[in-house]
file query-v3.cif (mmCIF, C-alpha atoms)
data_my_file
#
loop_
_atom_site.group_PDB
_atom_site.id
_atom_site.type_symbol
_atom_site.label_atom_id
_atom_site.label_comp_id
_atom_site.auth_asym_id
_atom_site.auth_seq_id
_atom_site.Cartn_x
_atom_site.Cartn_y
_atom_site.Cartn_z
ATOM 1 C CA MET A 1 106.560 1.545 -253.959
ATOM 2 C CA ASP A 2 106.750 4.354 -251.456
ATOM 3 C CA TRP A 3 103.891 2.881 -249.450
ATOM 4 C CA ILE A 4 105.939 -0.297 -248.914
ATOM 5 C CA TRP A 5 108.746 1.645 -247.237
ATOM 6 C CA ILE A 6 106.222 3.587 -245.215
ATOM 7 C CA ALA A 7 104.803 0.297 -243.914
ATOM 8 C CA VAL A 8 108.124 -1.538 -243.456
ATOM 9 C CA MET A 9 110.221 1.128 -241.750
ATOM 10 C CA PRO A 10 108.173 1.340 -238.505
ATOM 11 C CA VAL A 11 108.129 -2.460 -238.222
ATOM 12 C CA THR A 12 111.881 -2.626 -238.826
ATOM 13 C CA GLY A 13 112.440 0.019 -236.142
ATOM 14 C CA VAL A 14 110.369 -1.972 -233.618
ATOM 15 C CA VAL A 15 112.235 -5.204 -234.384
ATOM 16 C CA LEU A 16 115.655 -3.559 -234.104
ATOM 17 C CA GLY A 17 114.668 -1.846 -230.871
ATOM 18 C CA PHE A 18 113.434 -5.141 -229.412
ATOM 19 C CA ALA A 19 116.639 -6.931 -230.447
ATOM 20 C CA ALA A 20 118.832 -4.214 -228.929
ATOM 21 C CA GLY A 21 116.860 -4.309 -225.691
ATOM 22 C CA TRP A 22 117.040 -8.108 -225.515
ATOM 23 C CA LEU A 23 120.808 -8.136 -226.096
ATOM 24 C CA THR A 24 121.325 -5.468 -223.449
ATOM 25 C CA LYS A 25 119.209 -7.342 -220.940
ATOM 26 C CA ARG A 26 121.032 -10.585 -221.660
ATOM 27 C CA GLY A 27 124.413 -8.904 -221.263
ATOM 28 C CA LEU A 28 123.392 -7.413 -217.914
ATOM 29 C CA ALA A 29 122.072 -10.779 -216.725
ATOM 30 C CA ARG A 30 125.299 -12.507 -217.703
ATOM 31 C CA ARG A 31 127.363 -9.910 -215.854
ATOM 32 C CA GLU A 32 125.179 -10.334 -212.767
ATOM 33 C CA GLU A 33 125.627 -14.110 -212.967
ATOM 34 C CA ALA A 34 129.399 -13.742 -213.286
ATOM 35 C CA ARG A 35 129.415 -11.388 -210.302
ATOM 36 C CA ALA A 36 127.421 -13.872 -208.205
ATOM 37 C CA LEU A 37 129.691 -16.780 -209.151
ATOM 38 C CA ASN A 38 132.852 -14.781 -208.468
ATOM 39 C CA GLU A 39 131.498 -13.901 -205.037
ATOM 40 C CA LEU A 40 130.823 -17.581 -204.374
ATOM 41 C CA VAL A 41 134.335 -18.582 -205.477
ATOM 42 C CA THR A 42 135.846 -15.919 -203.216
ATOM 43 C CA TYR A 43 133.612 -16.919 -200.304
ATOM 44 C CA LEU A 44 134.832 -20.526 -200.503
ATOM 45 C CA HIS A 45 138.422 -19.353 -200.998
ATOM 46 C CA LEU A 46 138.255 -17.468 -197.683
ATOM 47 C CA LYS A 47 136.771 -20.403 -195.734
ATOM 48 C CA ARG A 48 139.605 -21.522 -193.436
ATOM 49 C CA MET A 49 137.735 -24.722 -192.573
ATOM 50 C CA LEU A 50 138.266 -25.876 -196.184
ATOM 51 C CA ALA A 51 142.049 -25.593 -196.018
ATOM 52 C CA PRO A 52 143.664 -28.924 -197.008
ATOM 53 C CA VAL A 53 144.888 -31.032 -194.082
ATOM 54 C CA ALA A 54 145.960 -34.615 -193.433
ATOM 55 C CA PRO A 55 142.747 -35.968 -191.872
ATOM 56 C CA ARG A 56 142.659 -38.258 -188.859
ATOM 57 C CA SER A 57 140.003 -39.641 -186.553
ATOM 58 C CA ALA A 58 139.318 -37.060 -183.870
ATOM 59 C CA GLU A 59 139.632 -38.104 -180.238
ATOM 60 C CA THR A 60 136.718 -35.816 -179.513
ATOM 61 C CA ALA A 61 133.979 -34.382 -181.695
ATOM 62 C CA ALA A 62 133.812 -31.166 -179.696
ATOM 63 C CA LEU A 63 134.680 -29.014 -182.721
ATOM 64 C CA GLU A 64 132.379 -30.783 -185.179
ATOM 65 C CA PRO A 65 129.287 -28.628 -184.416
ATOM 66 C CA ARG A 66 131.230 -25.534 -185.537
ATOM 67 C CA PHE A 67 132.165 -27.209 -188.808
ATOM 68 C CA ARG A 68 128.549 -28.333 -189.222
ATOM 69 C CA SER A 69 127.401 -24.738 -188.812
ATOM 70 C CA SER A 70 129.916 -23.584 -191.436
ATOM 71 C CA VAL A 71 128.755 -26.264 -193.899
ATOM 72 C CA HIS A 72 125.172 -25.082 -193.371
ATOM 73 C CA ASP A 73 126.369 -21.571 -194.250
ATOM 74 C CA ILE A 74 128.051 -22.835 -197.417
ATOM 75 C CA ARG A 75 124.896 -24.627 -198.507
ATOM 76 C CA GLU A 76 122.798 -21.512 -197.869
ATOM 77 C CA ASN A 77 125.251 -19.408 -199.877
ATOM 78 C CA LEU A 78 125.034 -21.876 -202.755
ATOM 79 C CA MET A 79 121.252 -21.582 -202.803
ATOM 80 C CA GLU A 80 121.425 -17.783 -202.769
ATOM 81 C CA THR A 81 123.867 -17.845 -205.667
ATOM 82 C CA LEU A 82 121.628 -20.273 -207.548
ATOM 83 C CA ALA A 83 118.779 -17.755 -207.314
ATOM 84 C CA ARG A 84 120.938 -15.124 -209.050
ATOM 85 C CA LEU A 85 121.720 -17.231 -212.124
ATOM 86 C CA GLN A 86 120.167 -16.734 -215.548
ATOM 87 C CA PRO A 87 117.271 -19.085 -216.349
ATOM 88 C CA GLY A 88 118.659 -22.267 -217.876
ATOM 89 C CA SER A 89 122.251 -21.493 -216.847
ATOM 90 C CA THR A 90 124.581 -24.503 -216.976
ATOM 91 C CA ALA A 91 126.056 -23.319 -213.666
ATOM 92 C CA GLY A 92 122.846 -24.342 -211.931
ATOM 93 C CA GLU A 93 123.620 -28.051 -212.200
ATOM 94 C CA VAL A 94 127.106 -27.492 -210.775
ATOM 95 C CA LEU A 95 125.755 -25.568 -207.787
ATOM 96 C CA MET A 96 123.224 -28.316 -207.094
ATOM 97 C CA ARG A 97 126.051 -30.888 -207.005
ATOM 98 C CA MET A 98 127.954 -28.692 -204.575
ATOM 99 C CA SER A 99 124.870 -28.449 -202.370
ATOM 100 C CA ALA A 100 124.495 -32.236 -202.489
ATOM 101 C CA ALA A 101 128.112 -32.583 -201.319
ATOM 102 C CA CYS A 102 127.270 -30.401 -198.313
ATOM 103 C CA ASN A 103 124.239 -32.579 -197.559
ATOM 104 C CA ARG A 104 126.463 -35.663 -197.688
ATOM 105 C CA TYR A 105 128.852 -34.193 -195.135
ATOM 106 C CA LEU A 106 125.984 -33.278 -192.807
ATOM 107 C CA ARG A 107 124.390 -36.719 -193.123
ATOM 108 C CA ILE A 108 127.530 -38.761 -192.483
ATOM 109 C CA THR A 109 128.938 -36.641 -189.654
ATOM 110 C CA ALA A 110 125.585 -36.747 -187.869
ATOM 111 C CA SER A 111 126.180 -40.473 -187.202
ATOM 112 C CA GLU A 112 130.014 -40.484 -187.215
ATOM 113 C CA PRO A 113 131.166 -37.125 -185.821
ATOM 114 C CA GLN A 114 134.699 -38.391 -185.037
ATOM 115 C CA GLN A 115 135.277 -38.847 -188.778
ATOM 116 C CA TYR A 116 134.501 -35.235 -189.611
ATOM 117 C CA GLN A 117 138.031 -34.434 -190.801
ATOM 118 C CA PHE A 118 137.870 -37.159 -193.458
ATOM 119 C CA GLU A 119 134.426 -35.996 -194.576
ATOM 120 C CA LEU A 120 135.560 -32.380 -194.575
ATOM 121 C CA MET A 121 138.403 -33.183 -196.968
ATOM 122 C CA GLU A 122 135.993 -35.167 -199.158
ATOM 123 C CA LEU A 123 133.695 -32.137 -199.194
ATOM 124 C CA ARG A 124 136.633 -29.909 -200.114
ATOM 125 C CA ARG A 125 137.623 -32.250 -202.958
ATOM 126 C CA ASN A 126 134.076 -32.222 -204.374
ATOM 127 C CA LEU A 127 133.760 -28.437 -204.093
ATOM 128 C CA ASP A 128 137.152 -27.912 -205.719
ATOM 129 C CA GLU A 129 136.278 -30.185 -208.658
ATOM 130 C CA ASP A 130 132.999 -28.357 -209.229
ATOM 131 C CA LEU A 131 134.662 -24.945 -208.969
ATOM 132 C CA ARG A 132 137.089 -25.980 -211.700
ATOM 133 C CA ILE A 133 134.156 -27.045 -213.875
ATOM 134 C CA LEU A 134 132.350 -23.798 -213.069
ATOM 135 C CA THR A 135 135.262 -21.607 -214.139
ATOM 136 C CA ASP A 136 136.457 -23.715 -217.082
ATOM 137 C CA GLY A 137 136.069 -21.826 -220.342
ATOM 138 C CA ARG A 138 134.685 -18.674 -218.701
ATOM 139 C CA ARG A 139 137.037 -15.728 -218.734
ATOM 140 C CA ASP A 140 134.680 -13.715 -216.517
ATOM 141 C CA ILE A 141 134.973 -16.147 -213.577
ATOM 142 C CA ARG A 142 138.284 -16.610 -211.801
ATOM 143 C CA TYR A 143 139.177 -19.938 -210.180
ATOM 144 C CA LEU A 144 140.381 -19.810 -206.562
ATOM 145 C CA SER A 145 141.155 -22.874 -204.462
ATOM 146 C CA PRO A 146 138.791 -23.423 -201.493
ATOM 147 C CA GLY A 147 140.232 -22.506 -198.092
ATOM 148 C CA GLU A 148 143.595 -21.294 -199.386
ATOM 149 C CA ALA A 149 143.321 -17.521 -199.277
ATOM 150 C CA PRO A 150 146.673 -15.677 -199.048
ATOM 151 C CA GLY A 151 147.600 -14.572 -195.562
ATOM 152 C CA ARG A 152 145.862 -17.500 -193.873
ATOM 153 C CA ARG A 153 148.008 -18.746 -191.001
ATOM 154 C CA ASP A 154 149.131 -22.265 -191.862
ATOM 155 C CA ARG A 155 148.717 -24.795 -189.091
ATOM 156 C CA PRO A 156 150.575 -28.111 -188.944
ATOM 157 C CA HIS A 157 148.507 -31.278 -189.019
ATOM 158 C CA SER A 158 149.529 -34.812 -188.192
ATOM 159 C CA ALA A 159 148.031 -38.212 -188.890
ATOM 160 C CA THR A 160 148.220 -39.071 -185.197
ATOM 161 C CA PRO A 161 148.799 -36.949 -182.103
ATOM 162 C CA GLY A 162 152.487 -36.355 -181.416
ATOM 163 C CA THR A 163 153.707 -37.084 -184.969
ATOM 164 C CA THR A 164 154.543 -34.532 -187.612
ATOM 165 C CA THR A 165 154.389 -34.358 -191.383
ATOM 166 C CA GLY A 166 157.478 -32.290 -192.127
ATOM 167 C CA THR A 167 156.512 -29.387 -189.848
ATOM 168 C CA THR A 168 157.197 -29.221 -186.139
ATOM 169 C CA PRO A 169 154.180 -27.914 -184.243
ATOM 170 C CA THR A 170 154.855 -25.072 -181.843
ATOM 171 C CA PRO A 171 153.505 -25.204 -178.276
ATOM 172 C CA ASP A 172 149.783 -24.532 -177.957
ATOM 173 C CA THR A 173 149.304 -24.978 -181.730
ATOM 174 C CA SER A 174 146.146 -26.933 -182.472
ATOM 175 C CA THR A 175 146.280 -29.882 -184.835
ATOM 176 C CA GLU A 176 142.565 -29.564 -185.580
ATOM 177 C CA PRO A 177 141.375 -27.809 -188.756
ATOM 178 C CA ASP A 178 140.411 -24.228 -188.017
ATOM 179 C CA PRO A 179 136.642 -23.763 -188.375
ATOM 180 C CA GLY A 180 136.987 -19.995 -188.135
ATOM 181 C CA PRO A 181 135.168 -17.707 -185.735
ATOM 182 C CA GLY A 182 131.711 -18.984 -186.605
ATOM 183 C CA PRO A 183 129.064 -18.533 -189.330
ATOM 184 C CA ASP A 184 130.188 -16.255 -192.155
ATOM 185 C CA PRO A 185 127.752 -13.726 -193.616
ATOM 186 C CA ALA A 186 126.783 -14.277 -197.238
ATOM 187 C CA PRO A 187 128.727 -11.938 -199.521
ATOM 188 C CA GLY A 188 126.853 -9.142 -201.180
ATOM 189 C CA SER A 189 129.539 -6.936 -202.573
ATOM 190 C CA SER A 190 130.058 -6.149 -206.215
ATOM 191 C CA HIS A 191 133.350 -6.341 -208.065
ATOM 192 C CA SER A 192 134.542 -6.574 -211.592
ATOM 193 C CA PRO A 193 133.906 -10.000 -213.181
ATOM 194 C CA ALA A 194 136.674 -9.523 -215.701
ATOM 195 C CA ALA A 195 139.324 -8.835 -213.071
ATOM 196 C CA GLY A 196 138.033 -11.439 -210.637
ATOM 197 C CA PRO A 197 136.777 -10.773 -207.106
ATOM 198 C CA VAL A 198 138.450 -8.349 -204.733
ATOM 199 C CA LEU A 199 139.079 -10.212 -201.466
ATOM 200 C CA GLY A 200 138.702 -7.162 -199.275
ATOM 201 C CA SER A 201 135.264 -6.367 -200.696
ATOM 202 C CA VAL A 202 133.649 -9.525 -199.380
ATOM 203 C CA PRO A 203 131.683 -8.898 -196.159
ATOM 204 C CA GLY A 204 133.061 -10.830 -193.214
ATOM 205 C CA TYR A 205 136.628 -11.009 -194.609
ATOM 206 C CA SER A 206 139.335 -10.124 -192.173
ATOM 207 C CA ALA A 207 142.544 -11.650 -191.007
ATOM 208 C CA GLY A 208 140.597 -13.827 -188.600
ATOM 209 C CA THR A 209 137.804 -15.045 -190.886
#

call {"tool": "encode", "arguments": {"input": "query-v3.cif", "output": "structure tokens"}}
result
Amino acid sequence: MDWIWIAVMPVTGVVLGFAAGWLTKRGLARREEARALNELVTYLHLKRMLAPVAPRSAETAALEPRFRSSVHDIRENLMETLARLQPGSTAGEVLMRMSAACNRYLRITASEPQQYQFELMELRRNLDEDLRILTDGRRDIRYLSPGEAPGRRDRPHSATPGTTTGTTPTPDTSTEPDPGPGPDPAPGSSHSPAAGPVLGSVPGYSAGT
């Protein structure tokens, strides 16, 4: 019977070693995925252009190209995050829907730029719904609302020029959504998935981003 143990023990050792290596690799991949998704959630949270407003038809579409550029940045960030997911991850389908929402905004505002505020809020609604799906049931991904980072200066918005919605605009205060200073760099920082993303660790984050 001794020869059986002599033959079985090496095989058992190989199998156990393979299983341990596979579990370790899977755990590392899951942590990397959670890190990528947390960075995406934080990136959208810091996007001032996604702050909720009461949309209205713009008298001029002068600001729309800046919003278009920001939406292009969001779509690019989504694709970069998609590349960091585990093969077969259920988050992939959610990210593709978010990218499709960006494409919808770009398509509609190309022909109707004066309606960009309405389309921007529709984009925000779609992104917010998908973020909730993305973080639902995952303790390693923290939900943050798009465009509502703490410390962002709130700006009053009205349905029509000269009217208010409970807040009196101060002189020289714009009633247009704030597109931010321009294209935001894609985040590349690392932070703890369990504790959620650290806002200050995201490249490009400052009081004016």

call {"tool": "closest_residue", "arguments": {"input": "query-v3.cif", "among": "A:Pro55, A:Glu76, A:Gly88, A:Thr42", "to": "Glu122 (chain A)", "atoms": "only C-alpha atoms"}}
result
A:Pro55

call {"tool": "atom_distance", "arguments": {"input": "query-v3.cif", "atom1": "CA of Ala110 (chain A)", "atom2": "CA of Glu59 (chain A)"}}
result
16.0 Å

call {"tool": "atom_distance", "arguments": {"input": "query-v3.cif", "atom1": "CA of Ser99 (chain A)", "atom2": "CA of Arg56 (chain A)"}}
result
24.4 Å

call {"tool": "atom_distance", "arguments": {"input": "query-v3.cif", "atom1": "CA of Ala101 (chain A)", "atom2": "CA of Pro87 (chain A)"}}
result
22.9 Å

call {"tool": "resolve_selection", "arguments": {"input": "query-v3.cif", "expression": "the PyMOL selection byres ((chain A and resi 75) around 12)", "output": "number ranges by chain"}}
result
A: 40, 43-44, 68-74, 76-82, 95-106, 123, 127, 183-184, 186

call {"tool": "write_last_selection", "arguments": {"input": "query-v3.cif", "atoms": "C-alpha atoms", "output": "short mmCIF file (atom, residue, chain, number, x, y, z; two decimals), keeping the file's coordinate frame"}}
result
data_model
loop_
_atom_site.label_atom_id
_atom_site.label_comp_id
_atom_site.auth_asym_id
_atom_site.auth_seq_id
_atom_site.Cartn_x
_atom_site.Cartn_y
_atom_site.Cartn_z
CA LEU A 40 130.82 -17.58 -204.37
CA TYR A 43 133.61 -16.92 -200.30
CA LEU A 44 134.83 -20.53 -200.50
CA ARG A 68 128.55 -28.33 -189.22
CA SER A 69 127.40 -24.74 -188.81
CA SER A 70 129.92 -23.58 -191.44
CA VAL A 71 128.76 -26.26 -193.90
CA HIS A 72 125.17 -25.08 -193.37
CA ASP A 73 126.37 -21.57 -194.25
CA ILE A 74 128.05 -22.84 -197.42
CA GLU A 76 122.80 -21.51 -197.87
CA ASN A 77 125.25 -19.41 -199.88
CA LEU A 78 125.03 -21.88 -202.76
CA MET A 79 121.25 -21.58 -202.80
CA GLU A 80 121.42 -17.78 -202.77
CA THR A 81 123.87 -17.84 -205.67
CA LEU A 82 121.63 -20.27 -207.55
CA LEU A 95 125.76 -25.57 -207.79
CA MET A 96 123.22 -28.32 -207.09
CA ARG A 97 126.05 -30.89 -207.00
CA MET A 98 127.95 -28.69 -204.58
CA SER A 99 124.87 -28.45 -202.37
CA ALA A 100 124.50 -32.24 -202.49
CA ALA A 101 128.11 -32.58 -201.32
CA CYS A 102 127.27 -30.40 -198.31
CA ASN A 103 124.24 -32.58 -197.56
CA ARG A 104 126.46 -35.66 -197.69
CA TYR A 105 128.85 -34.19 -195.14
CA LEU A 106 125.98 -33.28 -192.81
CA LEU A 123 133.70 -32.14 -199.19
CA LEU A 127 133.76 -28.44 -204.09
CA PRO A 183 129.06 -18.53 -189.33
CA ASP A 184 130.19 -16.26 -192.16
CA ALA A 186 126.78 -14.28 -197.24
#

call {"tool": "closest_residue", "arguments": {"input": "query-v3.cif", "among": "A:Glu148, A:Glu129, A:Glu93, A:Asp136", "to": "Arg48 (chain A)", "atoms": "only C-alpha atoms"}}
result
A:Glu148

call {"tool": "axis_aligned_box", "arguments": {"input": "query-v3.cif", "around": "region 113-117 of chain A", "padding_each_side": "8 Å", "output": "lines of an AutoDock Vina configuration file"}}
result
center_x = 134.6
center_y = -36.6
center_z = -187.9
size_x = 22.9
size_y = 20.4
size_z = 21.8

call {"tool": "closest_residue", "arguments": {"input": "query-v3.cif", "among": "A:Arg132, A:Lys47, A:Arg84, A:Arg124", "to": "Arg35 (chain A)", "atoms": "all atoms listed in the file"}}
result
A:Arg84

call {"tool": "closest_residue", "arguments": {"input": "query-v3.cif", "among": "A:Arg138, A:Ile133, A:Ala62, A:Val94", "to": "Gln114 (chain A)", "atoms": "all atoms listed in the file"}}
result
A:Ala62
